[in-house]
Amino acid sequence: MGTMFRYALKRQLREGIKILAVPLVAFTLVVLINALGGIREWLEYEYEYTMDNFVVVAQLSDLWGDVTDELAVAQDYISIFTDPDMPVSLYRFTNELMLRRSFEVKSLIGDIGVELIGVTGLAADAVLASETSDVNFFYGYDESLMQGNELTAIVSDDLLEMVDGGRVSINIMVNLPGEEAKAREEEVTVIGTVSSDTGDSLVYLPFWTVSALAEDIAEAPLLSELLSITLAENRELSAFKDVASLIFPRVMPVFDTRPFAMTIYDSEFFETLEPLRQNLILVDVAIPFVYIIAVGVGFLTSVLLTRQRKAEFAVMRSVGMRRGSIFTVALGEQFLLCIIGSALGLAAIAVFWGYLNFERPLIFLACYMLGAIFSAARAARTNVLLLLRERE
Amino acid sequence: MDVLTINDVSYTYKSKYQTVKALDGVSYSFETGRFYAVVGRSGSGKTTLLSLMAGLDTPTEGAVLFGEKNTASINRDNLRLEHVSVIYQSLNLFPLLTAMENVTFPLEYKGMSKSRAKKIAASKLESVGIGKTMHNRLPAMLSGGEQQRVAIARALATKTEIILADEPTGNLDTENSQNIIQLLKNLAVTENVCVIVVTHDMAVADRADIVLRMSDGKIVLGEYGKEPASEIKL
């Protein structure tokens with residue numbers, strides 16, 4: 001086999017400019033495939049970035065205000081109603097508790113202003129599950145304590161020094177317009193810490209604990225007019241809508257007497273996401289198409305090259321070379337030339353784009369060789385008698 | 001001793017558009033140490049017969065026997081590699097290998113060392129009049145006659161029991177032609193090789209021990225080898 005390839009290499013090196021045909025085809029297609037691959041990766045990155053970082057807000061509101069009525073009929077929104085005890089445990093409530101009577105909740109730990117965040121569940125939600133991976137629970141505590149209405153809290157790292165004996169005092173103030181602010185010091189058990197990305201001082205409390213405290217301090221029922229919900233996991237948006245639409249049926253402003261509606265502001269999100277998605281689909285179709293072209297080109301190129309060498313293959317047969325050997329040589333030559341072109345293509349991409357991906361060139365190589373197999377088989381099947389007769 | 005026997009051999013070329021019977025019930029036994037000439041008009045089936053004897057295909061009917069083995073049931077690639085050399089007028093050399101490499105390739109393919117193959121090739125090229133200066137030339141840089149001589153050198157180098165040659169002197173001048181024929185004749189006598197030459201050249205046929213005439217796919221000579229070559233009408 002070594003002899004065959006040594007001779008094959010010698011003959012290839014004497015081909016002159018023809019030797020460039022296969023490497024040039026391979027070079028071009030590898031660059032094309034990698035360019036498409038690069039575009040795909042960029043689109044995918046943008047898509048994922050949008051999924052991860054685009055803030056989609058769902059607002060829960062009552063129907064007593066004009067705003068909610070208008071929102072209910074707006075085309076861009078999905079407006080859905082709910083019962084007061086809706087199970088929105090999959091999602092995190094911010095502390096924008098705009099009470100019906102414009103209550104304002106402020107909280108302090110010592111003299112540090114802290115953001116109270118009502119949490120309705122941790123492990124139940126994929127989003128919060130990812131956040132909980134950053135939560136360091138203290139020994140003996142776990143996330144289940146955040147799902148009820150215990151006086152338990154998870155605090156950001158910067159507040160750790162304020163924790164004394166596993167507990168921290170939070171001063172919660174509720175301002176009512178025209179009334180004197182009401183405040184209360186509550187001592188909560190700290191069950192874990194979390195690092196804050198924004199540098200804000202955060203205190204996570206069970207949502208129902210926050211609600212109950214606010215009601216208790218204000219000495220008034222907590223009638224939430226507007227409650228913002230940030231959907232931190234946009235990938236779950238569809239699932240969220242499916243679940244939410246069961247809980248909040250489509251609004252019927254005239255007849256409906258239910259007190260809550262939900263509006264999901266996702267039109268801008270989809271306007272950003274949709275072109276990315278469509279382009280991704282386009283590239284995903286284009287890449288296999290290029291692979292199919294590679295099979296065709298591999299077939300065509302090697303058919304042309306082997307057709308030119310019919311006489312040579314006939315000589316191979318007449319000196320006793322086995323069909324298998326001829327097949328191996330013909331395919332080996334194609335492989336060598338293709339791999340040289342592919343390597344040059346890869347190098348060009350690495351140099352000019354600083355991008356290196358081996359997977360796609362390997363798939364390309366496999367596709368090209370699949371095409372080349374047919375012509376190598378044809379070469380091995382060269383019928384010397386027929387060829388001689390054609391030449392007579 | 002019979003080294004090659006063709007036994008009631010017929011061969012039909014089949015293509016999409018036509019079927020042509022090239023050989024029609026041909027029988028003959030070839031012996032070692034003899035120099036045979038097969039003559040006949042174009043299309044009489046000479047080259048087809050030669051190719052079947054080389055094991056490049058099997059007969060549609062009948063059998064080609066190498067010794068006592070039917071070539072249809074043995075490894076015919078091995079037959080050509082080890083026992084039968086074939087020289088065609090048109091398909092003779094690898095176009096992108098030098099004269100030397102054209103001779104050494106089958107030897108190395110058989111497993112011979114590079115240096116030994118080169119030594120043998122040089123001596124055989126020398127014997128057919130291809131000097132050292134031409135060893136590294138590609139076939140395109142050689143004349144038709146020189147190319148033919150390189151092909152003959154390759155056949156000689158492989159040291160097979162049978163040499164089949166299709167118009168081996170077709171591209172040679174008279175002097176070279178005579179030298180090559182003498183070389184092949186000597187090979188038959190001294191090395192006990194069976195040499196079978198397909199030719200139009202009656203001068204070549206004249207030097208043969210036995211002449212077979214073919215017409216319409218049949219050997220038509222009444223008594224093989226008894227008819228003087230000069231009296232054969234193609």
# chains A, B, ... in the order shown; residues from 1 in each chain; ligands from 1
$ interface_residues --of "chain A" --to "chain B" --cutoff "7 Å" --atoms "only C-alpha atoms" --output "number ranges by chain"
A: 3-4, 11, 14, 311-312, 314-315, 318-322, 384-385
$ residues_around --residues "B:Ser29" --least-positions-apart "4" --cutoff "12 Å" --atoms "only C-alpha atoms" --output "PDB file with all heavy atoms, in the first residue's frame"
ATOM      1  N   MET B   1       4.917 -28.105 -23.303  1.00  0.00           N
ATOM      2  CA  MET B   1       3.914 -28.127 -22.218  1.00  0.00           C
ATOM      3  C   MET B   1       2.901 -27.008 -22.427  1.00  0.00           C
ATOM      4  O   MET B   1       3.288 -25.857 -22.676  1.00  0.00           O
ATOM      5  CB  MET B   1       4.626 -27.926 -20.874  1.00  0.00           C
ATOM      6  CG  MET B   1       3.740 -28.209 -19.693  1.00  0.00           C
ATOM      7  SD  MET B   1       4.603 -27.848 -18.145  1.00  0.00           S
ATOM      8  CE  MET B   1       4.223 -26.155 -17.913  1.00  0.00           C
ATOM      9  N   ASP B   2       1.614 -27.354 -22.338  1.00  0.00           N
ATOM     10  CA  ASP B   2       0.578 -26.322 -22.522  1.00  0.00           C
ATOM     11  C   ASP B   2       0.538 -25.404 -21.305  1.00  0.00           C
ATOM     12  O   ASP B   2       0.376 -25.883 -20.179  1.00  0.00           O
ATOM     13  CB  ASP B   2      -0.806 -26.975 -22.684  1.00  0.00           C
ATOM     14  CG  ASP B   2      -0.896 -27.745 -23.992  1.00  0.00           C
ATOM     15  OD1 ASP B   2      -0.022 -27.523 -24.857  1.00  0.00           O
ATOM     16  OD2 ASP B   2      -1.813 -28.563 -24.132  1.00  0.00           O
ATOM     17  N   VAL B   3       0.727 -24.131 -21.561  1.00  0.00           N
ATOM     18  CA  VAL B   3       0.675 -23.190 -20.437  1.00  0.00           C
ATOM     19  C   VAL B   3      -0.639 -22.418 -20.427  1.00  0.00           C
ATOM     20  O   VAL B   3      -1.134 -21.999 -19.381  1.00  0.00           O
ATOM     21  CB  VAL B   3       1.905 -22.243 -20.471  1.00  0.00           C
ATOM     22  CG1 VAL B   3       1.873 -21.324 -21.682  1.00  0.00           C
ATOM     23  CG2 VAL B   3       1.995 -21.418 -19.200  1.00  0.00           C
ATOM     24  N   LEU B   4      -1.204 -22.278 -21.614  1.00  0.00           N
ATOM     25  CA  LEU B   4      -2.461 -21.522 -21.730  1.00  0.00           C
ATOM     26  C   LEU B   4      -3.353 -22.211 -22.755  1.00  0.00           C
ATOM     27  O   LEU B   4      -2.914 -22.465 -23.873  1.00  0.00           O
ATOM     28  CB  LEU B   4      -2.133 -20.089 -22.182  1.00  0.00           C
ATOM     29  CG  LEU B   4      -3.169 -19.019 -21.951  1.00  0.00           C
ATOM     30  CD1 LEU B   4      -3.426 -18.800 -20.474  1.00  0.00           C
ATOM     31  CD2 LEU B   4      -2.701 -17.702 -22.570  1.00  0.00           C
ATOM     32  N   THR B   5      -4.547 -22.515 -22.355  1.00  0.00           N
ATOM     33  CA  THR B   5      -5.472 -23.203 -23.267  1.00  0.00           C
ATOM     34  C   THR B   5      -6.770 -22.412 -23.362  1.00  0.00           C
ATOM     35  O   THR B   5      -7.332 -22.019 -22.332  1.00  0.00           O
ATOM     36  CB  THR B   5      -5.789 -24.623 -22.739  1.00  0.00           C
ATOM     37  OG1 THR B   5      -4.552 -25.299 -22.516  1.00  0.00           O
ATOM     38  CG2 THR B   5      -6.640 -25.400 -23.709  1.00  0.00           C
ATOM     39  N   ILE B   6      -7.191 -22.180 -24.595  1.00  0.00           N
ATOM     40  CA  ILE B   6      -8.520 -21.563 -24.749  1.00  0.00           C
ATOM     41  C   ILE B   6      -9.432 -22.634 -25.299  1.00  0.00           C
ATOM     42  O   ILE B   6      -9.117 -23.306 -26.273  1.00  0.00           O
ATOM     43  CB  ILE B   6      -8.487 -20.297 -25.640  1.00  0.00           C
ATOM     44  CG1 ILE B   6      -7.650 -20.533 -26.905  1.00  0.00           C
ATOM     45  CG2 ILE B   6      -7.974 -19.103 -24.888  1.00  0.00           C
ATOM     46  CD1 ILE B   6      -7.677 -19.381 -27.864  1.00  0.00           C
ATOM     47  N   ASN B   7     -10.519 -22.808 -24.614  1.00  0.00           N
ATOM     48  CA  ASN B   7     -11.364 -23.951 -24.894  1.00  0.00           C
ATOM     49  C   ASN B   7     -12.769 -23.496 -25.281  1.00  0.00           C
ATOM     50  O   ASN B   7     -13.551 -23.078 -24.443  1.00  0.00           O
ATOM     51  CB  ASN B   7     -11.396 -24.816 -23.616  1.00  0.00           C
ATOM     52  CG  ASN B   7     -11.910 -26.198 -23.886  1.00  0.00           C
ATOM     53  OD1 ASN B   7     -12.323 -26.499 -25.009  1.00  0.00           O
ATOM     54  ND2 ASN B   7     -11.891 -27.050 -22.873  1.00  0.00           N
ATOM     55  N   ASP B   8     -13.020 -23.492 -26.579  1.00  0.00           N
ATOM     56  CA  ASP B   8     -14.345 -23.133 -27.121  1.00  0.00           C
ATOM     57  C   ASP B   8     -14.827 -21.770 -26.575  1.00  0.00           C
ATOM     58  O   ASP B   8     -15.953 -21.628 -26.113  1.00  0.00           O
ATOM     59  CB  ASP B   8     -15.351 -24.240 -26.743  1.00  0.00           C
ATOM     60  CG  ASP B   8     -16.558 -24.226 -27.670  1.00  0.00           C
ATOM     61  OD1 ASP B   8     -16.453 -23.628 -28.766  1.00  0.00           O
ATOM     62  OD2 ASP B   8     -17.603 -24.779 -27.276  1.00  0.00           O
ATOM     63  N   VAL B   9     -13.927 -20.804 -26.678  1.00  0.00           N
ATOM     64  CA  VAL B   9     -14.206 -19.506 -26.058  1.00  0.00           C
ATOM     65  C   VAL B   9     -15.022 -18.591 -26.973  1.00  0.00           C
ATOM     66  O   VAL B   9     -14.678 -18.406 -28.151  1.00  0.00           O
ATOM     67  CB  VAL B   9     -12.881 -18.805 -25.651  1.00  0.00           C
ATOM     68  CG1 VAL B   9     -13.102 -17.319 -25.378  1.00  0.00           C
ATOM     69  CG2 VAL B   9     -12.275 -19.482 -24.432  1.00  0.00           C
ATOM     70  N   ARG B  34       7.488 -21.027 -26.839  1.00  0.00           N
ATOM     71  CA  ARG B  34       7.100 -20.778 -28.239  1.00  0.00           C
ATOM     72  C   ARG B  34       6.783 -19.301 -28.441  1.00  0.00           C
ATOM     73  O   ARG B  34       6.347 -18.611 -27.533  1.00  0.00           O
ATOM     74  CB  ARG B  34       5.852 -21.592 -28.604  1.00  0.00           C
ATOM     75  CG  ARG B  34       6.034 -23.083 -28.632  1.00  0.00           C
ATOM     76  CD  ARG B  34       6.902 -23.501 -29.823  1.00  0.00           C
ATOM     77  NE  ARG B  34       6.949 -24.933 -29.971  1.00  0.00           N
ATOM     78  CZ  ARG B  34       6.313 -25.605 -30.940  1.00  0.00           C
ATOM     79  NH1 ARG B  34       5.582 -24.954 -31.802  1.00  0.00           N
ATOM     80  NH2 ARG B  34       6.419 -26.906 -31.016  1.00  0.00           N
ATOM     81  N   TYR B  36       4.382 -17.058 -30.657  1.00  0.00           N
ATOM     82  CA  TYR B  36       3.171 -17.121 -31.483  1.00  0.00           C
ATOM     83  C   TYR B  36       2.857 -15.735 -32.063  1.00  0.00           C
ATOM     84  O   TYR B  36       3.061 -14.719 -31.396  1.00  0.00           O
ATOM     85  CB  TYR B  36       1.959 -17.551 -30.661  1.00  0.00           C
ATOM     86  CG  TYR B  36       2.044 -18.942 -30.085  1.00  0.00           C
ATOM     87  CD1 TYR B  36       2.662 -19.171 -28.869  1.00  0.00           C
ATOM     88  CD2 TYR B  36       1.489 -20.026 -30.769  1.00  0.00           C
ATOM     89  CE1 TYR B  36       2.742 -20.451 -28.338  1.00  0.00           C
ATOM     90  CE2 TYR B  36       1.561 -21.313 -30.243  1.00  0.00           C
ATOM     91  CZ  TYR B  36       2.187 -21.525 -29.028  1.00  0.00           C
ATOM     92  OH  TYR B  36       2.258 -22.765 -28.499  1.00  0.00           O
ATOM     93  N   MET B  53      -7.050 -13.883 -22.460  1.00  0.00           N
ATOM     94  CA  MET B  53      -5.916 -14.703 -22.029  1.00  0.00           C
ATOM     95  C   MET B  53      -5.163 -14.019 -20.884  1.00  0.00           C
ATOM     96  O   MET B  53      -4.567 -14.671 -20.038  1.00  0.00           O
ATOM     97  CB  MET B  53      -4.974 -14.968 -23.208  1.00  0.00           C
ATOM     98  CG  MET B  53      -5.596 -15.923 -24.222  1.00  0.00           C
ATOM     99  SD  MET B  53      -4.421 -16.576 -25.441  1.00  0.00           S
ATOM    100  CE  MET B  53      -4.046 -15.150 -26.405  1.00  0.00           C
ATOM    101  N   ALA B  63     -13.862 -21.648 -21.791  1.00  0.00           N
ATOM    102  CA  ALA B  63     -12.952 -21.405 -20.664  1.00  0.00           C
ATOM    103  C   ALA B  63     -11.548 -21.094 -21.150  1.00  0.00           C
ATOM    104  O   ALA B  63     -11.121 -21.553 -22.208  1.00  0.00           O
ATOM    105  CB  ALA B  63     -12.921 -22.642 -19.769  1.00  0.00           C
ATOM    106  N   VAL B  64     -10.866 -20.252 -20.368  1.00  0.00           N
ATOM    107  CA  VAL B  64      -9.443 -20.006 -20.593  1.00  0.00           C
ATOM    108  C   VAL B  64      -8.725 -20.681 -19.432  1.00  0.00           C
ATOM    109  O   VAL B  64      -9.021 -20.406 -18.265  1.00  0.00           O
ATOM    110  CB  VAL B  64      -9.131 -18.490 -20.616  1.00  0.00           C
ATOM    111  CG1 VAL B  64      -7.628 -18.268 -20.738  1.00  0.00           C
ATOM    112  CG2 VAL B  64      -9.856 -17.794 -21.749  1.00  0.00           C
ATOM    113  N   LEU B  65      -7.816 -21.593 -19.759  1.00  0.00           N
ATOM    114  CA  LEU B  65      -7.123 -22.334 -18.703  1.00  0.00           C
ATOM    115  C   LEU B  65      -5.673 -21.877 -18.612  1.00  0.00           C
ATOM    116  O   LEU B  65      -4.963 -21.842 -19.624  1.00  0.00           O
ATOM    117  CB  LEU B  65      -7.169 -23.838 -18.972  1.00  0.00           C
ATOM    118  CG  LEU B  65      -8.541 -24.478 -19.206  1.00  0.00           C
ATOM    119  CD1 LEU B  65      -8.370 -25.960 -19.545  1.00  0.00           C
ATOM    120  CD2 LEU B  65      -9.420 -24.332 -17.964  1.00  0.00           C
ATOM    121  N   PHE B  66      -5.261 -21.519 -17.403  1.00  0.00           N
ATOM    122  CA  PHE B  66      -3.853 -21.241 -17.147  1.00  0.00           C
ATOM    123  C   PHE B  66      -3.306 -22.516 -16.501  1.00  0.00           C
ATOM    124  O   PHE B  66      -3.679 -22.842 -15.367  1.00  0.00           O
ATOM    125  CB  PHE B  66      -3.704 -20.026 -16.223  1.00  0.00           C
ATOM    126  CG  PHE B  66      -2.293 -19.827 -15.769  1.00  0.00           C
ATOM    127  CD1 PHE B  66      -1.322 -19.411 -16.671  1.00  0.00           C
ATOM    128  CD2 PHE B  66      -1.924 -20.069 -14.458  1.00  0.00           C
ATOM    129  CE1 PHE B  66      -0.011 -19.241 -16.260  1.00  0.00           C
ATOM    130  CE2 PHE B  66      -0.618 -19.897 -14.042  1.00  0.00           C
ATOM    131  CZ  PHE B  66       0.347 -19.477 -14.947  1.00  0.00           C
ATOM    132  N   GLY B  67      -2.455 -23.238 -17.249  1.00  0.00           N
ATOM    133  CA  GLY B  67      -2.094 -24.590 -16.812  1.00  0.00           C
ATOM    134  C   GLY B  67      -3.373 -25.413 -16.855  1.00  0.00           C
ATOM    135  O   GLY B  67      -3.996 -25.531 -17.908  1.00  0.00           O
ATOM    136  N   GLU B  68      -3.791 -25.839 -15.688  1.00  0.00           N
ATOM    137  CA  GLU B  68      -5.052 -26.588 -15.661  1.00  0.00           C
ATOM    138  C   GLU B  68      -6.160 -25.835 -14.941  1.00  0.00           C
ATOM    139  O   GLU B  68      -7.257 -26.339 -14.750  1.00  0.00           O
ATOM    140  CB  GLU B  68      -4.815 -27.945 -14.980  1.00  0.00           C
ATOM    141  CG  GLU B  68      -3.937 -28.850 -15.833  1.00  0.00           C
ATOM    142  CD  GLU B  68      -3.696 -30.194 -15.179  1.00  0.00           C
ATOM    143  OE1 GLU B  68      -4.083 -30.369 -14.010  1.00  0.00           O
ATOM    144  OE2 GLU B  68      -3.117 -31.061 -15.843  1.00  0.00           O
ATOM    145  N   CYS B 194       6.245 -18.216 -22.902  1.00  0.00           N
ATOM    146  CA  CYS B 194       5.290 -18.293 -24.014  1.00  0.00           C
ATOM    147  C   CYS B 194       4.983 -16.861 -24.451  1.00  0.00           C
ATOM    148  O   CYS B 194       4.435 -16.086 -23.679  1.00  0.00           O
ATOM    149  CB  CYS B 194       4.011 -19.000 -23.549  1.00  0.00           C
ATOM    150  SG  CYS B 194       2.682 -18.946 -24.745  1.00  0.00           S
ATOM    151  N   ILE B 196       3.056 -14.403 -27.024  1.00  0.00           N
ATOM    152  CA  ILE B 196       1.966 -14.344 -28.015  1.00  0.00           C
ATOM    153  C   ILE B 196       1.825 -12.903 -28.473  1.00  0.00           C
ATOM    154  O   ILE B 196       1.594 -12.004 -27.659  1.00  0.00           O
ATOM    155  CB  ILE B 196       0.629 -14.851 -27.418  1.00  0.00           C
ATOM    156  CG1 ILE B 196       0.813 -16.260 -26.852  1.00  0.00           C
ATOM    157  CG2 ILE B 196      -0.474 -14.819 -28.459  1.00  0.00           C
ATOM    158  CD1 ILE B 196      -0.338 -16.752 -25.991  1.00  0.00           C
ATOM    159  N   ILE B 210       4.751 -20.063 -34.596  1.00  0.00           N
ATOM    160  CA  ILE B 210       3.414 -20.475 -35.030  1.00  0.00           C
ATOM    161  C   ILE B 210       2.584 -19.232 -35.312  1.00  0.00           C
ATOM    162  O   ILE B 210       2.615 -18.262 -34.542  1.00  0.00           O
ATOM    163  CB  ILE B 210       2.717 -21.307 -33.924  1.00  0.00           C
ATOM    164  CG1 ILE B 210       3.509 -22.602 -33.707  1.00  0.00           C
ATOM    165  CG2 ILE B 210       1.269 -21.619 -34.274  1.00  0.00           C
ATOM    166  CD1 ILE B 210       3.158 -23.339 -32.440  1.00  0.00           C
ATOM    167  N   LEU B 212      -1.269 -17.766 -36.057  1.00  0.00           N
ATOM    168  CA  LEU B 212      -2.710 -18.052 -36.037  1.00  0.00           C
ATOM    169  C   LEU B 212      -3.415 -16.908 -36.747  1.00  0.00           C
ATOM    170  O   LEU B 212      -3.112 -15.747 -36.485  1.00  0.00           O
ATOM    171  CB  LEU B 212      -3.221 -18.140 -34.599  1.00  0.00           C
ATOM    172  CG  LEU B 212      -2.497 -19.119 -33.671  1.00  0.00           C
ATOM    173  CD1 LEU B 212      -3.010 -18.964 -32.251  1.00  0.00           C
ATOM    174  CD2 LEU B 212      -2.694 -20.548 -34.139  1.00  0.00           C
ATOM    175  N   TYR B 224      -2.765 -25.298 -37.728  1.00  0.00           N
ATOM    176  CA  TYR B 224      -2.077 -24.216 -37.046  1.00  0.00           C
ATOM    177  C   TYR B 224      -0.568 -24.294 -37.198  1.00  0.00           C
ATOM    178  O   TYR B 224       0.050 -25.327 -36.967  1.00  0.00           O
ATOM    179  CB  TYR B 224      -2.421 -24.227 -35.540  1.00  0.00           C
ATOM    180  CG  TYR B 224      -3.900 -24.211 -35.296  1.00  0.00           C
ATOM    181  CD1 TYR B 224      -4.487 -25.184 -34.519  1.00  0.00           C
ATOM    182  CD2 TYR B 224      -4.702 -23.256 -35.891  1.00  0.00           C
ATOM    183  CE1 TYR B 224      -5.857 -25.190 -34.319  1.00  0.00           C
ATOM    184  CE2 TYR B 224      -6.054 -23.251 -35.702  1.00  0.00           C
ATOM    185  CZ  TYR B 224      -6.644 -24.221 -34.908  1.00  0.00           C
ATOM    186  OH  TYR B 224      -7.980 -24.236 -34.739  1.00  0.00           O
TER     187      TYR B 224
END
$ residues_around --residues "B:Asn136" --least-positions-apart "2" --cutoff "12 Å" --atoms "only C-alpha atoms" --output "PyMOL selection string"
chain B and resi 96-103+118+122+125+130-134+138-142+150
$ write_last_selection --atoms "C-alpha atoms" --output "compact mmCIF listing (two decimals), in the first residue's frame"
# COMPACT_ATOMS: atom_id res chain seq x y z
CA LEU B 96 2.79 10.80 -15.08
CA LEU B 97 5.44 8.29 -14.08
CA THR B 98 8.92 8.34 -15.59
CA ALA B 99 10.19 5.54 -17.82
CA MET B 100 12.05 4.07 -14.86
CA GLU B 101 9.03 4.37 -12.52
CA ASN B 102 6.79 2.74 -15.14
CA VAL B 103 9.00 -0.34 -14.96
CA LYS B 118 15.47 -0.13 -9.90
CA ALA B 122 17.63 -0.33 -15.53
CA LEU B 125 15.37 -0.73 -20.16
CA ILE B 130 16.31 2.87 -23.54
CA GLY B 131 19.46 4.56 -22.27
CA LYS B 132 20.01 6.14 -18.87
CA THR B 133 19.32 9.61 -20.20
CA MET B 134 15.74 8.60 -20.83
CA LEU B 138 7.84 11.12 -18.67
CA PRO B 139 6.14 9.15 -21.49
CA ALA B 140 5.09 12.41 -23.14
CA MET B 141 8.77 13.19 -23.64
CA LEU B 142 9.41 9.86 -25.36
CA VAL B 150 9.47 0.92 -22.05
$ residues_around --residues "B:Leu156" --least-positions-apart "3" --cutoff "10 Å" --atoms "only C-alpha atoms" --output "MDAnalysis selection string"
chainID B and resid 85 103 120:121 124:125 127:128 150:153 159:160 163 183:184 187
$ atom_distance --atom1 "atom CA of B:Leu164" --atom2 "atom CA of B:Arg116"
24.6 Å
$ residues_around --residues "stretch 140-142 of chain A" --least-positions-apart "3" --cutoff "9 Å" --atoms "only C-alpha atoms" --output "PyMOL selection string"
chain A and resi 137+145-146+191-192
$ write_last_selection --atoms "C-alpha atoms" --output "PDB file, in the first residue's frame"
ATOM      1  CA  PHE A 137     -27.880  28.084  52.335  1.00  0.00           C
ATOM      2  CA  LEU A 145     -38.537  27.772  53.865  1.00  0.00           C
ATOM      3  CA  MET A 146     -38.954  30.380  51.112  1.00  0.00           C
ATOM      4  CA  ILE A 191     -31.181  31.094  55.993  1.00  0.00           C
ATOM      5  CA  GLY A 192     -28.608  31.871  53.304  1.00  0.00           C
TER       6      GLY A 192
END
$ closest_residue --among "B:His200, B:Lys218, B:Arg207, B:Arg137" --to "B:Val39" --atoms "only C-alpha atoms"
B:His200
$ atom_distance --atom1 "atom CA of A:Phe358" --atom2 "atom CA of A:Val285"
19.7 Å
